Amino acid sequence: MDKSEIRAILSAYRAGDPETQDPRFQQARATAEADPELAQWWTEQQELDRVISAKLLSVEVPRELKTQLTAWEKRSMQRSNWNRGIMLAAASIVALAVLFGSWRGPFQPAVSLADYRDEMVSFVKLDPPLELESSQLTRLTAFLEENGAPSGLNIPQGLQQMNAAGCRTLRFRGHDVALICFKRDDNGELVHLFVVDRKAVAKLRGTRADPQFAEQGEWMTATWVDGEHAYLFAAKGTRPTVEKFLGTS
Amino acid sequence: MEFERLVEEFYMPLYRFGLSLSRKESDAVDLTQHTFLTWAVKGHQLRDPSKVKTWLFTTLYRQFLAEKRRAAHFVDTEEETEFVEPPHFSPSIANAIDANIVQKALHALEDRYRAPVTLFYMQQHSYREIAEILEIPIGTVMSRISRGKAEMRHSLREEVATEARKIVPLTKGGQDG
């Protein structure tokens, strides 16, 4: 067993795992411990693995995810006073409906506007990477179309006059969503336009000329329906700020 | 196990595994949600409580495969037993690694290496459990971890070098006067 082979074997080694009690690992480990050069290399490898693990385990998890998950449990607890038979039947239907809702199959029940808005705003708060960075809106819309996101978009005049920053696609409960980001002139921050199939979101009422506004912490959102698409605009600021961006003020 | 306790214990590692697989935050959220919803519907069928963790990770992984419709790339049962010597990695580079760099390096891995390497670094699963989750032989798991770690070190080195190039050194004031 030469040094290269020992390094290769030890690269798959993990202390304490029963599988690495295999004689081949044990021999490689014993040889490495007896050789100062290999011992030094082995110490460094383990330290590097420790650093990588620590960094991986520090990757941020969206705070609202736990709330969403435990909310299902709370909802089911509220139903506990129902007649047991009805409750079981209803619970199965609800569970299956929600389950189908998270699949990417063709049967996607529409979700509430509030849920859609919450998830999209939470998404941009995480500062997601863009898949294409370009200031040319036509390049961005072409990219989105090529990647299966909603196409034939009707982007408000106010946004068309801003500098585009980039775009990406994402998934929402089985639907493709297009996200286009624009750069603000005043502070360089991004504002975000999401577009999804209108069937993905229930009870949308706003129109392009008269969108529905909703505050979400320091964010203001505007939603409207245009053709087959549901539009959601999100920016930090107040309603007049958003109206100015959209050109509806 | 009580649902809320299950969420508390596993939602973060499941999300991180989902993020590593899908490379997208929104997909990782979807995968995590789907996993717990499947548990809500089918979890009672699991007889052995010690298998909950493996069951959840397997469910998430299967869902990922189903969504990507690339199962053939993943449920490849061909036995791989070769180990690969990792490239040299200076300890000073380790100090420059952050979570973002680790994620980028993981995302750069081929799919078949990314899943076992992620599970290896999450430190929650034995090799046997990783083999059960990914539904591949244990020898293949170890070989893929070895090869994946070697590839990852190449990416880490490149990412660290890229980040280092972004740092503009401060010039000392008053040198001309």
# chains A, B, ... in the order shown; residues from 1 in each chain; ligands from 1
call {"tool": "interface_residues", "arguments": {"of": "chain B", "to": "chain A", "cutoff": "8 Å", "atoms": "only C-alpha atoms", "output": "ChimeraX atom specification"}}
result
/B:3-4,7-8,11-13,15-16,24-27,29-30,33-34,36-38,40-41,67,83-86,91,94,97-100,102-103,121-123,126-128,142-143,145-146,149
call {"tool": "write_last_selection", "arguments": {"atoms": "C-alpha atoms", "output": "PDB file, in the first residue's frame"}}
result
ATOM      1  CA  PHE B   3     -45.272  16.078  14.530  1.00  0.00           C
ATOM      2  CA  GLU B   4     -43.980  19.318  16.028  1.00  0.00           C
ATOM      3  CA  VAL B   7     -40.314  19.256  12.502  1.00  0.00           C
ATOM      4  CA  GLU B   8     -38.120  20.814  15.175  1.00  0.00           C
ATOM      5  CA  TYR B  11     -36.593  20.558   9.186  1.00  0.00           C
ATOM      6  CA  MET B  12     -33.198  22.236   9.048  1.00  0.00           C
ATOM      7  CA  PRO B  13     -31.120  19.219   7.938  1.00  0.00           C
ATOM      8  CA  TYR B  15     -33.891  21.793   4.020  1.00  0.00           C
ATOM      9  CA  ARG B  16     -30.091  21.813   3.730  1.00  0.00           C
ATOM     10  CA  LYS B  24     -32.611  26.402  -5.319  1.00  0.00           C
ATOM     11  CA  GLU B  25     -33.976  27.784  -2.058  1.00  0.00           C
ATOM     12  CA  SER B  26     -37.583  27.618  -3.221  1.00  0.00           C
ATOM     13  CA  ASP B  27     -37.205  23.997  -4.344  1.00  0.00           C
ATOM     14  CA  VAL B  29     -38.572  24.597   0.763  1.00  0.00           C
ATOM     15  CA  ASP B  30     -40.931  22.622  -1.502  1.00  0.00           C
ATOM     16  CA  GLN B  33     -42.755  20.648   2.873  1.00  0.00           C
ATOM     17  CA  HIS B  34     -43.498  17.662   0.708  1.00  0.00           C
ATOM     18  CA  PHE B  36     -43.466  16.399   6.115  1.00  0.00           C
ATOM     19  CA  LEU B  37     -46.770  16.230   4.275  1.00  0.00           C
ATOM     20  CA  THR B  38     -45.953  12.716   3.160  1.00  0.00           C
ATOM     21  CA  ALA B  40     -48.528  13.359   7.840  1.00  0.00           C
ATOM     22  CA  VAL B  41     -50.269  10.994   5.443  1.00  0.00           C
ATOM     23  CA  GLU B  67     -39.298  15.926  -9.872  1.00  0.00           C
ATOM     24  CA  PHE B  83     -11.145   5.530  -3.926  1.00  0.00           C
ATOM     25  CA  VAL B  84      -9.452   8.660  -5.196  1.00  0.00           C
ATOM     26  CA  GLU B  85      -6.565  10.540  -3.656  1.00  0.00           C
ATOM     27  CA  PRO B  86      -7.725  14.068  -2.856  1.00  0.00           C
ATOM     28  CA  PRO B  91      -4.448  24.481   5.689  1.00  0.00           C
ATOM     29  CA  ALA B  94      -9.300  26.152   5.010  1.00  0.00           C
ATOM     30  CA  ILE B  97     -13.780  28.896   3.547  1.00  0.00           C
ATOM     31  CA  ASP B  98     -17.240  30.168   4.416  1.00  0.00           C
ATOM     32  CA  ALA B  99     -20.753  28.731   4.090  1.00  0.00           C
ATOM     33  CA  ASN B 100     -21.273  30.366   0.704  1.00  0.00           C
ATOM     34  CA  VAL B 102     -19.013  25.421   0.644  1.00  0.00           C
ATOM     35  CA  GLN B 103     -22.436  25.658  -0.994  1.00  0.00           C
ATOM     36  CA  TYR B 121     -20.766  16.407   5.812  1.00  0.00           C
ATOM     37  CA  MET B 122     -24.101  16.755   7.581  1.00  0.00           C
ATOM     38  CA  GLN B 123     -22.729  14.179  10.033  1.00  0.00           C
ATOM     39  CA  SER B 126     -23.808   6.456   9.113  1.00  0.00           C
ATOM     40  CA  TYR B 127     -22.581   5.104   5.790  1.00  0.00           C
ATOM     41  CA  ARG B 128     -25.182   2.360   6.056  1.00  0.00           C
ATOM     42  CA  MET B 142     -17.897   5.206   0.109  1.00  0.00           C
ATOM     43  CA  SER B 143     -16.409   5.427  -3.358  1.00  0.00           C
ATOM     44  CA  ILE B 145     -17.784  10.123  -1.047  1.00  0.00           C
ATOM     45  CA  SER B 146     -14.091   9.692  -1.807  1.00  0.00           C
ATOM     46  CA  LYS B 149     -14.620  14.981  -1.754  1.00  0.00           C
TER      47      LYS B 149
END
call {"tool": "residues_around", "arguments": {"residues": "Ala222 in chain A", "least_positions_apart": "4", "cutoff": "12 Å", "atoms": "only C-alpha atoms", "output": "ChimeraX atom specification"}}
result
/A:113-114,117,121,156,191-195,204-216,230-246,248
call {"tool": "select_by_dssp", "arguments": {"residues": "range 104-166 of chain B", "states": "helix (DSSP H, G or I)", "output": "PyMOL selection string"}}
result
chain B and resi 104-107+111-122+127-134+138-166
call {"tool": "residues_around", "arguments": {"residues": "Gly148 in chain B", "least_positions_apart": "3", "cutoff": "8 Å", "atoms": "only C-alpha atoms", "output": "list in words"}}
result
Leu109, Tyr113, Arg114, Val117, Arg144, Ile145, Glu151 and Met152 of chain B
call {"tool": "residues_around", "arguments": {"residues": "Gly43 in chain B", "least_positions_apart": "6", "cutoff": "12 Å", "atoms": "only C-alpha atoms", "output": "list in words"}}
result
Met1, Glu2, Phe3, Leu6, Thr35, Phe36, Leu37, Pro49, Lys51, Val52, Lys53, Trp55, Leu56 and Thr59 of chain B
call {"tool": "closest_residue", "arguments": {"among": "A:Asp118, A:Asp127, A:Asp226, A:Asp2", "to": "Gly152 in chain A", "atoms": "only C-alpha atoms"}}
result
A:Asp226
call {"tool": "closest_residue", "arguments": {"among": "B:Ile130, B:Val160, B:Ile101, B:Ala150", "to": "Pro87 in chain B", "atoms": "only C-alpha atoms"}}
result
B:Ala150
call {"tool": "atom_distance", "arguments": {"atom1": "CA of Ser92 in chain B", "atom2": "CA of Glu158 in chain B"}}
result
14.0 Å
call {"tool": "atom_distance", "arguments": {"atom1": "CA of Ala34 in chain A", "atom2": "CA of Ala15 in chain A"}}
result
17.3 Å
call {"tool": "closest_residue", "arguments": {"among": "A:Gly247, A:Gly166, A:Gly188, A:Pro36", "to": "Glu133 in chain A", "atoms": "only C-alpha atoms"}}
result
A:Gly166
call {"tool": "closest_residue", "arguments": {"among": "B:Ile138, B:Leu19, B:Ala161, B:Leu14", "to": "Leu60 in chain B", "atoms": "only C-alpha atoms"}}
result
B:Leu14
call {"tool": "atom_distance", "arguments": {"atom1": "CA of Ser50 in chain B", "atom2": "CA of Ser22 in chain B"}}
result
27.1 Å
call {"tool": "select_by_dssp", "arguments": {"residues": "range 1-215 of chain A", "states": "strand (DSSP E or B)", "output": "ChimeraX atom specification"}}
result
/A:111,132-133,163-172,175-183,190-197,201,212-215
